[in-house]
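**Q** First, the structure itself, so that you have it in front of you.
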Amino acid sequence: MEYMKTASTSARADEPRWLTDQEQRVWRSYIEAATLLEDHLDRQLQRDAGMPHVYYGLLVKLAESPHRRLRMTELAKSAKITRSRLSHAVARLEKSGWVRREDCPSDKRGQFAVLTDEGQEVLRRHAPGHVDAVRQAVFDRLTPQQQESLGEIMRIIAEGLEPSEAGADLPWLR
């Protein structure tokens with residue numbers, strides 16, 4: 001875990017704004033929960049569907065798109081992953097027969113990822129187990145008010161980390 005000095009009342013102007021003890025507790029709780037949740041969901045999907053959580057997320061994004069297809073660049077942006085990681089993932093999904101690539105007729109360099117009927121069936125079969133895992137890990141543990149607060153907090157953090165200006169260093173632009 002990264003080193004974070006405790007904030008002091010006599011901090012110099014040139015010193016970093018160290019986290020307070022309370023902020024450190026919150027930060028470390030977040031890191032631990034996020035790591036454990038991702039691992040929990042990844043293990044559930046590997047066990048039940050034979051795919052990692054990130055692949056499942058790609059299939060869901062394609063299933064929710066018009067005609068079950070997205071340009072690869074849009075899929076990378078939506079999934080918040082690098083284009084090279086997406087290319088590798090789509091290649092694996094193609095081998096399973098769950099996704100196929102199609103060339104973009106209006107752009108010789110562009111490609112679409114398309115969810116196949118077999119991929120749609122995989123989602124249909126495995127979505128109930130995945131939703132149950134999410135519900136048990138997150139929503140069943142929180143009150144409706146806590147769920148609303150968590151959603152609001154995560155939206156605020158996400159908005160702050162996704163700059164809209166050109167040239168931003170974002171994974172799907174790499």
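Every chain in the structure tokens has a letter given in the order shown (A, B, ...), and although residue numbers restart at 1 in each chain, ligands are simply numbered from 1 in the order shown.
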Quick one: residues within 8 Å of region 131-144 of chain A, only C-alpha atoms, excluding same-chain residues fewer than 3 positions away - as a list of chain:residue names?
**A**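 My reading of the contact set: A:Leu37, A:Leu41, A:Gln44, A:Ala127, A:Pro128, A:Gln147, A:Glu148.
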**Q** Just the strand (DSSP E) stuff from region 19-173 of chain A, please, per backbone DSSP, written as a list in words.
**A** Arg69, Leu70, Arg71, Val99, Arg100, Arg101, Glu102, Asp103, Cys104, Asp107, Lys108, Arg109, Gly110, Gln111, Phe112, Ala113, Val114 and Leu115 of chain A
**Q** Residues of region 53-78 of chain A that approach region 105-123 of chain A to 9 Å or less, counting only C-alpha atoms: could you list each one with the shortest pair of atoms and its distance in Å to one decimal, rows by chain and increasing residue number, as a Markdown table?
**A**
| residue | atom | partner | partner_atom | distance |
| --- | --- | --- | --- | --- |
| A:Tyr56 | CA | A:Leu123 | CA | 7.8 |
| A:Leu59 | CA | A:Leu115 | CA | 6.7 |
| A:Val60 | CA | A:Leu123 | CA | 7.4 |
| A:Leu62 | CA | A:Leu115 | CA | 5.9 |
| A:Ala63 | CA | A:Leu115 | CA | 6.5 |
| A:His67 | CA | A:Val114 | CA | 8.1 |
| A:Arg68 | CA | A:Leu115 | CA | 5.4 |
| A:Arg69 | CA | A:Val114 | CA | 4.3 |
| A:Leu70 | CA | A:Phe112 | CA | 5.4 |
| A:Arg71 | CA | A:Phe112 | CA | 4.2 |
| A:Met72 | CA | A:Phe112 | CA | 5.4 |
| A:Thr73 | CA | A:Gly110 | CA | 8.2 |
| A:Leu75 | CA | A:Ala113 | CA | 7.9 |
**Q** According to DSSP computed on the backbone, where in chain A is there alpha helix (DSSP H)? Give the residues as an NGL selection string.
**A** :A and (21-49 or 53-63 or 72-79 or 83-96 or 117-137 or 144-161)
**Q** Residues within 7 Å of Ala89 (chain A), please, as a PyMOL selection string. Count only C-alpha atoms; anything in the same chain fewer than 4 positions from it doesn't count.
**A** chain A and resi 55+85+93
**Q** Mind dumping the selected residues with N, CA and C atoms as a compact mmCIF listing (two decimals), in the first residue's frame?
**A**
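As a result, result-v4.txt now contains:
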# COMPACT_ATOMS: atom_id res chain seq x y z
N TYR A 55 -14.30 -9.30 -19.61
CA TYR A 55 -14.90 -9.84 -20.84
C TYR A 55 -16.42 -9.81 -20.74
N ARG A 85 -5.54 -3.67 -24.96
CA ARG A 85 -6.20 -4.65 -24.09
C ARG A 85 -7.53 -5.09 -24.69
N LEU A 93 -12.59 -13.42 -27.26
CA LEU A 93 -14.04 -13.59 -27.38
C LEU A 93 -14.41 -14.13 -28.77
